[in-house]
Amino acid sequence: MFTGLIQALGTLASRQGGRLTIRADFAPDLAIGESVAINGVCLTVVSRTTTDFAVDVSPTTFALTSAGSWQPGDKLNLERALALGDRLGGHIVSGHVDGVGKLLRKEPLGNSTKLWFEISAALAATCIPLGSIAVDGVSLTLNEVEGKSFSVTIIPQTARKTTLGSLSPGAAINLETDVIGKYVQRLVDPYLPKHEQKMTSEGISWSKLAEAGFVSQT
């Protein structure tokens, strides 16, 4: 488990098939078998030296995340797994990427920068304004959610200490939406209006749920 607070920027040193080697200052402190979130993807350390560590990436992970596009020399956001007693400064992040989005545009906002991303309709359904989302492993607060896009604002510190400050429009990014929101959606989805005919036939109706206080009357 992670919190979305990036601890270091690493550099992809090499890739050989599914084996990626990342140069990182904290490499000597890692243990074999330890989990590290790399641009939001939870991966297992399989070897390490005093300057770098290696992970194995499965074909499924390459297909479902942006990992397949990483090239030697690329900067990567790194976070070691949460330890008991650590501060929960961001939000709960599993390192299991829900999907890949892309940067639409960057807008200056005072000394900060607003980033707009395009996402799938399925991911957009789990996003709410002021909710949490992990973008390439970085814990951020959603500003606006409009159709299949959302915006976040990054402060100068985030721009400097993560890869988000150097993103260009069109760049692919890993996304993980709030885990609590996904469970809530799963629980309430069967009772939404699109399922009302089925609910009525089973003795449950939208109006009954409203009367019981489970949903809004409107």
# chains A, B, ... in the order shown; residues from 1 in each chain; ligands from 1
$ residues_around --residues "A:Ala172" --least-positions-apart "2" --cutoff "10 Å" --atoms "only C-alpha atoms" --output "VMD selection string"
chain A and resid 65 to 67 69 100 to 104 117 to 118 136 167 to 170 174 to 175
$ residues_around --residues "A:Gly95" --least-positions-apart "4" --cutoff "10 Å" --atoms "only C-alpha atoms" --output "PyMOL selection string"
chain A and resi 1-4+35-43+79+81+134+136-137+174-176
$ residues_around --residues "A:Ile180" --least-positions-apart "4" --cutoff "12 Å" --atoms "only C-alpha atoms" --output "mmCIF file with C-alpha atoms, in the first residue's frame"
data_model
loop_
_atom_site.group_PDB
_atom_site.id
_atom_site.type_symbol
_atom_site.label_atom_id
_atom_site.label_comp_id
_atom_site.auth_asym_id
_atom_site.auth_seq_id
_atom_site.Cartn_x
_atom_site.Cartn_y
_atom_site.Cartn_z
ATOM 1 C CA HIS A 91 -4.557 8.984 0.275
ATOM 2 C CA ILE A 92 -4.742 5.190 0.116
ATOM 3 C CA VAL A 93 -3.104 4.024 -3.119
ATOM 4 C CA SER A 94 -2.804 0.328 -4.004
ATOM 5 C CA THR A 126 -15.587 7.066 -10.125
ATOM 6 C CA CYS A 127 -14.248 10.645 -10.065
ATOM 7 C CA GLY A 131 -12.023 13.576 -4.439
ATOM 8 C CA SER A 132 -8.620 11.917 -4.670
ATOM 9 C CA ILE A 133 -6.826 10.418 -7.652
ATOM 10 C CA GLU A 176 -5.777 5.000 -10.022
ATOM 11 C CA VAL A 184 -19.259 2.461 -3.190
ATOM 12 C CA GLN A 185 -19.966 2.470 -6.926
ATOM 13 C CA ARG A 186 -19.978 -1.322 -6.970
ATOM 14 C CA LEU A 187 -22.467 -1.444 -4.101
#
$ atom_distance --atom1 "atom CA of A:Pro59" --atom2 "atom CA of A:Thr21"
16.6 Å
$ residues_around --residues "stretch 151-166 of chain A" --least-positions-apart "3" --cutoff "9 Å" --atoms "only C-alpha atoms" --output "PDB file with C-alpha atoms, in the first residue's frame"
ATOM      1  CA  ILE A   6       6.604  10.622  -4.210  1.00  0.00           C
ATOM      2  CA  GLN A   7       9.840   9.941  -2.325  1.00  0.00           C
ATOM      3  CA  ALA A   8      12.296  10.175  -5.200  1.00  0.00           C
ATOM      4  CA  LEU A   9      12.713  10.604  -8.927  1.00  0.00           C
ATOM      5  CA  ASN A  39       4.792   5.897 -11.854  1.00  0.00           C
ATOM      6  CA  LYS A  75      12.430   9.967 -15.201  1.00  0.00           C
ATOM      7  CA  LEU A  76      10.055   7.939 -13.026  1.00  0.00           C
ATOM      8  CA  ASN A  77       8.126   8.713  -9.833  1.00  0.00           C
ATOM      9  CA  LEU A  78       9.158   6.353  -7.024  1.00  0.00           C
ATOM     10  CA  LEU A 109      -2.793  29.372 -12.470  1.00  0.00           C
ATOM     11  CA  ASN A 111       2.322  30.188  -9.335  1.00  0.00           C
ATOM     12  CA  SER A 112       0.695  26.791  -9.910  1.00  0.00           C
ATOM     13  CA  THR A 113      -0.346  24.842 -13.003  1.00  0.00           C
ATOM     14  CA  LYS A 114      -3.716  23.327 -13.845  1.00  0.00           C
ATOM     15  CA  LEU A 115      -3.535  20.051 -15.763  1.00  0.00           C
ATOM     16  CA  TRP A 116      -6.440  18.657 -17.786  1.00  0.00           C
ATOM     17  CA  PHE A 117      -6.530  14.931 -18.540  1.00  0.00           C
ATOM     18  CA  VAL A 135      -1.743  10.405 -11.483  1.00  0.00           C
ATOM     19  CA  ASP A 136       1.467   8.522 -12.312  1.00  0.00           C
ATOM     20  CA  VAL A 138       1.092  11.221  -7.365  1.00  0.00           C
ATOM     21  CA  LEU A 140      -3.828  14.761  -6.169  1.00  0.00           C
ATOM     22  CA  THR A 141      -7.185  16.406  -5.513  1.00  0.00           C
ATOM     23  CA  LEU A 142      -9.684  16.523  -8.359  1.00  0.00           C
ATOM     24  CA  ASN A 143     -10.757  20.068  -9.214  1.00  0.00           C
ATOM     25  CA  GLU A 144     -13.298  19.638 -11.988  1.00  0.00           C
ATOM     26  CA  VAL A 145     -14.806  16.559 -13.624  1.00  0.00           C
ATOM     27  CA  GLU A 146     -16.420  17.245 -16.998  1.00  0.00           C
TER      28      GLU A 146
END
$ closest_residue --among "A:Pro28, A:Gly18, A:Gly110, A:Pro129" --to "A:Thr61" --atoms "only C-alpha atoms"
A:Gly18
$ select_by_dssp --residues "chain A" --states "strand (DSSP E)" --output "PDB file with C-alpha atoms, in the first residue's frame"
ATOM      1  CA  ALA A   8      12.296  10.175  -5.200  1.00  0.00           C
ATOM      2  CA  LEU A   9      12.713  10.604  -8.927  1.00  0.00           C
ATOM      3  CA  GLY A  10      14.444   7.625 -10.483  1.00  0.00           C
ATOM      4  CA  THR A  11      15.843   7.097 -13.967  1.00  0.00           C
ATOM      5  CA  LEU A  12      15.187   4.080 -16.157  1.00  0.00           C
ATOM      6  CA  ALA A  13      18.708   2.763 -16.740  1.00  0.00           C
ATOM      7  CA  SER A  14      17.865  -0.175 -19.005  1.00  0.00           C
ATOM      8  CA  ARG A  15      15.123  -2.508 -20.169  1.00  0.00           C
ATOM      9  CA  GLN A  16      15.665  -6.057 -21.345  1.00  0.00           C
ATOM     10  CA  ARG A  19      13.271  -6.662 -16.780  1.00  0.00           C
ATOM     11  CA  LEU A  20      13.574  -2.944 -15.967  1.00  0.00           C
ATOM     12  CA  THR A  21      16.535  -1.481 -14.097  1.00  0.00           C
ATOM     13  CA  ILE A  22      15.963   1.831 -12.319  1.00  0.00           C
ATOM     14  CA  ARG A  23      18.664   4.078 -10.917  1.00  0.00           C
ATOM     15  CA  SER A  35       7.239  -3.381  -3.341  1.00  0.00           C
ATOM     16  CA  VAL A  36       7.939  -0.053  -5.023  1.00  0.00           C
ATOM     17  CA  ALA A  37       5.396   2.083  -6.874  1.00  0.00           C
ATOM     18  CA  ILE A  38       6.931   3.229 -10.160  1.00  0.00           C
ATOM     19  CA  VAL A  41       2.550   0.806 -10.766  1.00  0.00           C
ATOM     20  CA  CYS A  42       3.263  -1.550  -7.861  1.00  0.00           C
ATOM     21  CA  LEU A  43       6.281  -3.698  -8.795  1.00  0.00           C
ATOM     22  CA  THR A  44       8.528  -6.096  -6.887  1.00  0.00           C
ATOM     23  CA  VAL A  45      12.254  -5.618  -6.404  1.00  0.00           C
ATOM     24  CA  VAL A  46      14.085  -8.670  -7.791  1.00  0.00           C
ATOM     25  CA  SER A  47      17.671  -7.427  -7.465  1.00  0.00           C
ATOM     26  CA  ARG A  48      19.572  -4.356  -6.355  1.00  0.00           C
ATOM     27  CA  ASP A  52      19.994   0.790  -8.897  1.00  0.00           C
ATOM     28  CA  PHE A  53      17.329  -1.879  -8.565  1.00  0.00           C
ATOM     29  CA  ALA A  54      15.512  -4.162 -10.986  1.00  0.00           C
ATOM     30  CA  VAL A  55      11.880  -5.207 -11.349  1.00  0.00           C
ATOM     31  CA  ASP A  56      10.097  -7.667 -13.622  1.00  0.00           C
ATOM     32  CA  LYS A  75      12.430   9.967 -15.201  1.00  0.00           C
ATOM     33  CA  LEU A  76      10.055   7.939 -13.026  1.00  0.00           C
ATOM     34  CA  ASN A  77       8.126   8.713  -9.833  1.00  0.00           C
ATOM     35  CA  LEU A  78       9.158   6.353  -7.024  1.00  0.00           C
ATOM     36  CA  GLU A  79       7.481   5.527  -3.715  1.00  0.00           C
ATOM     37  CA  ARG A  80       8.366   2.723  -1.334  1.00  0.00           C
ATOM     38  CA  GLY A  99      -6.405   2.772 -16.670  1.00  0.00           C
ATOM     39  CA  VAL A 100      -4.272   5.040 -18.799  1.00  0.00           C
ATOM     40  CA  GLY A 101      -5.260   8.616 -19.606  1.00  0.00           C
ATOM     41  CA  LYS A 102      -3.530  11.396 -21.489  1.00  0.00           C
ATOM     42  CA  LEU A 103      -2.663  15.004 -20.798  1.00  0.00           C
ATOM     43  CA  LEU A 104      -4.889  17.366 -22.767  1.00  0.00           C
ATOM     44  CA  ARG A 105      -3.445  20.741 -21.796  1.00  0.00           C
ATOM     45  CA  LYS A 106      -1.631  22.774 -19.146  1.00  0.00           C
ATOM     46  CA  GLU A 107      -2.934  26.115 -17.874  1.00  0.00           C
ATOM     47  CA  PRO A 108      -0.961  28.566 -15.699  1.00  0.00           C
ATOM     48  CA  LEU A 109      -2.793  29.372 -12.470  1.00  0.00           C
ATOM     49  CA  SER A 112       0.695  26.791  -9.910  1.00  0.00           C
ATOM     50  CA  THR A 113      -0.346  24.842 -13.003  1.00  0.00           C
ATOM     51  CA  LYS A 114      -3.716  23.327 -13.845  1.00  0.00           C
ATOM     52  CA  LEU A 115      -3.535  20.051 -15.763  1.00  0.00           C
ATOM     53  CA  TRP A 116      -6.440  18.657 -17.786  1.00  0.00           C
ATOM     54  CA  PHE A 117      -6.530  14.931 -18.540  1.00  0.00           C
ATOM     55  CA  GLU A 118      -8.690  12.778 -20.804  1.00  0.00           C
ATOM     56  CA  SER A 132      -8.620  11.917  -4.670  1.00  0.00           C
ATOM     57  CA  ILE A 133      -6.826  10.418  -7.652  1.00  0.00           C
ATOM     58  CA  ALA A 134      -3.310   9.090  -8.263  1.00  0.00           C
ATOM     59  CA  VAL A 135      -1.743  10.405 -11.483  1.00  0.00           C
ATOM     60  CA  VAL A 138       1.092  11.221  -7.365  1.00  0.00           C
ATOM     61  CA  SER A 139      -1.776  11.806  -4.911  1.00  0.00           C
ATOM     62  CA  LEU A 140      -3.828  14.761  -6.169  1.00  0.00           C
ATOM     63  CA  THR A 141      -7.185  16.406  -5.513  1.00  0.00           C
ATOM     64  CA  LEU A 142      -9.684  16.523  -8.359  1.00  0.00           C
ATOM     65  CA  ASN A 143     -10.757  20.068  -9.214  1.00  0.00           C
ATOM     66  CA  GLU A 144     -13.298  19.638 -11.988  1.00  0.00           C
ATOM     67  CA  VAL A 145     -14.806  16.559 -13.624  1.00  0.00           C
ATOM     68  CA  GLU A 146     -16.420  17.245 -16.998  1.00  0.00           C
ATOM     69  CA  SER A 149     -11.962  14.744 -18.547  1.00  0.00           C
ATOM     70  CA  PHE A 150     -10.803  16.099 -15.214  1.00  0.00           C
ATOM     71  CA  SER A 151      -8.455  18.750 -13.903  1.00  0.00           C
ATOM     72  CA  VAL A 152      -5.968  18.920 -11.051  1.00  0.00           C
ATOM     73  CA  THR A 153      -3.685  21.694  -9.867  1.00  0.00           C
ATOM     74  CA  ILE A 154      -0.030  21.110  -9.062  1.00  0.00           C
ATOM     75  CA  ALA A 172       0.158   8.882 -21.379  1.00  0.00           C
ATOM     76  CA  ILE A 173      -0.320   8.716 -17.618  1.00  0.00           C
ATOM     77  CA  ASN A 174      -1.292   5.940 -15.194  1.00  0.00           C
ATOM     78  CA  LEU A 175      -4.455   6.559 -13.208  1.00  0.00           C
ATOM     79  CA  GLU A 176      -5.777   5.000 -10.022  1.00  0.00           C
ATOM     80  CA  THR A 177      -9.061   6.353  -8.723  1.00  0.00           C
TER      81      THR A 177
END
$ closest_residue --among "A:Leu5, A:Pro190, A:Ala63, A:Glu211" --to "A:Leu88" --atoms "only C-alpha atoms"
A:Leu5
$ closest_residue --among "A:Asp25, A:Ala171, A:Ser207, A:Ala125" --to "A:Trp70" --atoms "only C-alpha atoms"
A:Ala171
$ select_by_dssp --residues "stretch 59-146 of chain A" --states "helix (DSSP H, G or I)" --output "compact mmCIF listing (two decimals) with N, CA and C atoms, in the first residue's frame"
# COMPACT_ATOMS: atom_id res chain seq x y z
N PRO A 59 3.54 -9.12 -19.10
CA PRO A 59 2.89 -8.63 -20.32
C PRO A 59 1.58 -7.91 -20.03
N THR A 60 0.83 -8.39 -19.03
CA THR A 60 -0.43 -7.74 -18.68
C THR A 60 -0.20 -6.33 -18.18
N THR A 61 0.81 -6.16 -17.32
CA THR A 61 1.11 -4.82 -16.81
C THR A 61 1.56 -3.89 -17.93
N PHE A 62 2.37 -4.41 -18.85
CA PHE A 62 2.78 -3.59 -20.00
C PHE A 62 1.56 -3.15 -20.80
N ALA A 63 0.58 -4.05 -20.94
CA ALA A 63 -0.59 -3.75 -21.77
C ALA A 63 -1.56 -2.78 -21.11
N LEU A 64 -1.66 -2.82 -19.78
CA LEU A 64 -2.68 -2.04 -19.08
C LEU A 64 -2.16 -0.76 -18.44
N SER A 66 1.22 2.48 -18.62
CA SER A 66 2.13 3.18 -19.53
C SER A 66 3.54 2.60 -19.52
N ALA A 67 3.75 1.52 -18.76
CA ALA A 67 5.11 0.97 -18.60
C ALA A 67 5.73 0.55 -19.93
N GLY A 68 4.90 0.14 -20.88
CA GLY A 68 5.42 -0.29 -22.16
C GLY A 68 6.09 0.82 -22.95
N SER A 69 5.77 2.06 -22.61
CA SER A 69 6.33 3.20 -23.35
C SER A 69 7.56 3.81 -22.67
N ALA A 121 -14.82 6.75 -19.94
CA ALA A 121 -16.09 6.98 -19.24
C ALA A 121 -16.17 6.17 -17.96
N ALA A 122 -15.63 4.95 -17.99
CA ALA A 122 -15.67 4.09 -16.80
C ALA A 122 -14.89 4.72 -15.65
N LEU A 123 -13.72 5.29 -15.94
CA LEU A 123 -12.94 5.93 -14.89
C LEU A 123 -13.61 7.22 -14.43
N ALA A 124 -14.18 7.97 -15.36
CA ALA A 124 -14.83 9.23 -15.01
C ALA A 124 -15.97 9.00 -14.03
$ atom_distance --atom1 "atom CA of A:Ala27" --atom2 "atom CA of A:Thr49"
6.7 Å
$ atom_distance --atom1 "atom CA of A:Asp189" --atom2 "atom CA of A:Val97"
21.4 Å
